[in-house]
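*Asks:* I have a structure I would like to understand better, so I am pasting it below and will then ask my questions one at a time.
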Amino acid sequence: MSVKAFELIPAVERDLLMGDKARINIECIECCGKHLYVGTNDCFIHHFLLDEVTSAKGRPSYSAQKLLHKYLGLKKPVAELRAASALERLIVLCDGIVFLVDMVTLENVPSAAGGGARIRGVTTFCINENPVNGDPFCVEMGVLSLKRRTVQIYMVYEDRVQLVKEVSTPEQPCAVSLDGYFLCLALATQYMILNYKTEAAQDLFPYNSEERRPIVKRIAREEFLLAAPGGLGMFANAEGASQRAPVNWSESVIGAAVCFPYVVALDESFITIHSMLDQQLKQTLSFRDGNILQDFEGKVIVASTKAVYILVALPLERQIQDLLASHRVEEALVLLEGAQINIPKEKFLVLHKRILQQAGFIQFGKLQFVEAKEHFRKGQLDVRELISLYPLLLPASSSFTRCHPPLHEFADLNHLAQGDQEKILKCKKFLISYLTEVRSTQVPNGCREDVDTVLLKLYAEQDHESLLDLLVSDNACLLADCVPWLEKYHKYFALGLLYHSNGQDLAALQVWVRVVDKELQDSTRPDLFEYIVDFLCYNADQDLVWKYANWALHKNPTTAVHIFTNRSVGKVQPELQPKDVITYLEKHREALLLYLEHLVLERKIQEEQFHTHLAVLYLERVLSLLSDSPTNEEKLSKSREKLQSLLRVSELYRAQYLLGKMDNCELLLLERATLYGKLGDHDKALHILVHKLRDFKSAEAFCIWTSSNRDSTYRQKLFHLLLEMYLDKSDTGKSPPTLCKDSGDLEMAAVDLLNRHGELFDPVHVLRTLPDGWSLQLLRPFLSRTIRASMHASRTSQIALGLAHSEHLQLLQDKLKETKKPISVSAKKGCHLCHNTFSDTDVVCLPGGVPVHKHCAAQRIRDSPTKRQLTNTSNHT
């Protein structure tokens, strides 16, 4: 794949060199700065001054001025020329003799006293471009002799040459190159590396010098380029290894040079340029009768037998642009990376970024989005360069202008896709992916508004699922650009989110309300009404809440009440006062009921007015259901359960007020009984439950929940009252008691009550109250339970008494241990009871520490009506 890397520019035309002498041929050349020296076959040296001229179009050219020519007087062709600019000398090889010539006058340099300036019997020589001698006015030179298998190392001075080393070789060498201490040699049958200091040798590879001309070229520090069999240009370092892949050039190469990153080779008809980076042939130039190719300080000069030309390397950036113009992206990048060492760092970084960006757009144009994204990322592309290809996406307020010179050849996306809608869609999907990645991995410097706005537009247009995620996150979408776009694609829910993210909650609610009211069509959120309720619930603007709560309550009061019930205390400030909310909800009875339930049952606010209000609403609903015809029994049952539960659980409502509201309703007997119970009028409550409702289970339950937080005596009193209600005992206390009408049911209820809750009754009182005619068999469960409970209570009391007595004794003992002191008895002291003296240690101590005989103390206890506790103590004599 070709690339124009060099231009062949004439430097010295034939007429200027030889005039009308047709038989004169160029044999060798040397260039030092602007000075060009040409050796010819008639033993002349021609000295030219080269000037580089740049045309108006920027194309280089050379003008040559002939300064001097000199005949050397040997009647042989000048074989080789080498300049030693520090010495102002030319080293010349002619007729097997190496001698020195003045660079200015071209006169032979006479030998110094005591030294020679000529070397005879020389086939070829080379200059050490990496000398080991530190003398700047001395040139190191390697020389091959005509008949000796050696390499000689000379030091060349201004007027003399001096042999310093001679190294033997296994074969006659025919070509040599020198770097430091290392000689790279072409022998008759092989190449080798030789260290002339240590004489260590390293064979490289075989080569037949009789079949083709060997090439040994130093190209870098301790690295050489060799012509290998098979038409290969091989690289070898001083250790004999190759760190670069070979280039495949012609079998008949007669000269080679390196102008990084290219290898330039000359054969009989062509100049070929290969890349050292990928070893590919990049350029071929036709060149007839070529016989010399050399590089001088980065300048590549090629000569035919009659004229001299210069290979001028095109600027690297132009070469890369040519490759990019041919869409050869990888080659351009390889060339750029390989040339990095020859470009200043700052310039390289700028160039590298631009080339990567251009490469990205080329890949983008081919729809190779993975590669394009990677190039854009590495090239740190301003994403607006890419966005600008998409019509109408950049915000109207954006100040972006495209890079100049342009990074691509596209006018816009329509130009790129040529109207292919599938390509356009793929490009838009790529832009979404790329911008999403840019947004998540880095902050787009100075263009976040542009990026977010473009993403919103693309999401809306493509109905992308990430539209809402963008709007609920921290974004910089521009309102003026995004509103028309969202309206165009009917993304009204997203439009509301956009207004909200810009602090315009009123505008957001206006849009959402129109969607719920079917004025606008948007199916994004089927639960949009519930979303609005939640939005109001957590909105800090109370005026906004009051304004739209009324709309929501008319739509669905059951859901809308969450605006007030889910408004968490402390999260939204300032808090809505419950009294204000209740006043506001008076027109919405269902919502008011739910709100009061929230206050009383969930938040458990202990305020009488809320409890009473809730109970009244429950009662009104029940009364309303009772008045319906036909009555909905299921709703009525649930409503009464709520009312009854509240009446039982709450202690704060105004019971007398509620009783007054039930006066005209004889169907709410259970509720009236509960209210009587709350008022402490248990007789009326139980009378209703037992005699009017005949609901014995409710009567028992009434006794249980009414006494749930009271002592056992209170509960026992209630159960005795219920038992008496069953037995209809007269208030005058006449005996024996008489049974009421329907005594069978009440009697069984009494029996069941006793048998289920026997432990709660006073058995003596029960037995006195029961009719004489009841059998023991009927009361057997009651008697068993009450006797068991009585015995259990008695034994428990005895155990408690014993434990208390034991604890009392322990405490007395502990007290005695703390307060005791020795009490002495002796035969001289007498007992305080019998007054006899003590004859042994059988002694006890009365309270107060008075010692007495043990038998005296026992006798006193027997005679005393109240026994006193004695404590044994130890006597000390």
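A note on labels: chains of the structure tokens are A, B, ... as shown, every chain counts residues from 1, and ligands are counted from 1 in their shown order.
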Just want the 12 Å neighbourhood of Ile29 of chain A, counted on only C-alpha atoms, with same-chain residues fewer than 2 positions away dropped. Output as a PyMOL selection string.

*Replies:* chain A and resi 12+25-27+31-32+35-41+44-48+78-83+90-93+291-296+300-305+307-310

*Asks:* Might you pull out every residue within 8 Å of Leu652 of chain A, with only C-alpha atoms counted and same-chain residues fewer than 3 positions away left off, and present them as an mmCIF file with N, CA, C and O atoms, in the first residue's frame?

*Replies:*
data_model
loop_
_atom_site.group_PDB
_atom_site.id
_atom_site.type_symbol
_atom_site.label_atom_id
_atom_site.label_comp_id
_atom_site.auth_asym_id
_atom_site.auth_seq_id
_atom_site.Cartn_x
_atom_site.Cartn_y
_atom_site.Cartn_z
ATOM 1 N N GLN A 606 -52.919 11.580 71.219
ATOM 2 C CA GLN A 606 -53.805 11.522 72.382
ATOM 3 C C GLN A 606 -54.502 12.871 72.584
ATOM 4 O O GLN A 606 -54.214 13.615 73.522
ATOM 5 N N GLU A 607 -55.445 13.166 71.683
ATOM 6 C CA GLU A 607 -56.245 14.372 71.815
ATOM 7 C C GLU A 607 -57.709 13.997 71.690
ATOM 8 O O GLU A 607 -58.109 13.311 70.744
ATOM 9 N N GLU A 608 -58.491 14.464 72.670
ATOM 10 C CA GLU A 608 -59.906 14.070 72.754
ATOM 11 C C GLU A 608 -60.682 14.434 71.501
ATOM 12 O O GLU A 608 -61.490 13.650 71.012
ATOM 13 N N HIS A 611 -60.256 11.874 68.676
ATOM 14 C CA HIS A 611 -60.905 10.590 68.966
ATOM 15 C C HIS A 611 -62.426 10.744 68.852
ATOM 16 O O HIS A 611 -63.102 9.873 68.269
ATOM 17 N N THR A 612 -62.948 11.800 69.426
ATOM 18 C CA THR A 612 -64.401 12.010 69.359
ATOM 19 C C THR A 612 -64.858 12.208 67.914
ATOM 20 O O THR A 612 -65.871 11.657 67.483
#

*Asks:* Can you pull out the residues contacting Glu140 of chain A? Cut-off 9 Å, using only C-alpha atoms, and skip same-chain residues under 6 positions away; I want them as a PyMOL selection string.

*Replies:* chain A and resi 126-133+153-156

*Asks:* Run DSSP on the backbone and tell me which residues of segment 58-224 of chain A come out as strand (DSSP E or B); list them as a VMD selection string.

*Replies:* chain A and resid 60 to 71 78 to 84 89 to 94 97 to 102 108 118 to 120 122 to 127 139 to 145 150 to 156 161 to 168 175 to 179 182 to 186 190 to 195 201 to 206 216 to 220 223 to 224

*Asks:* Suppose you want the space between atom CA of Ala228 of chain A and atom CA of Ser209 of chain A; what is it in Å?

*Replies:*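 Separation between atom CA of Ala228 of chain A and atom CA of Ser209 of chain A: 10.5 Å.
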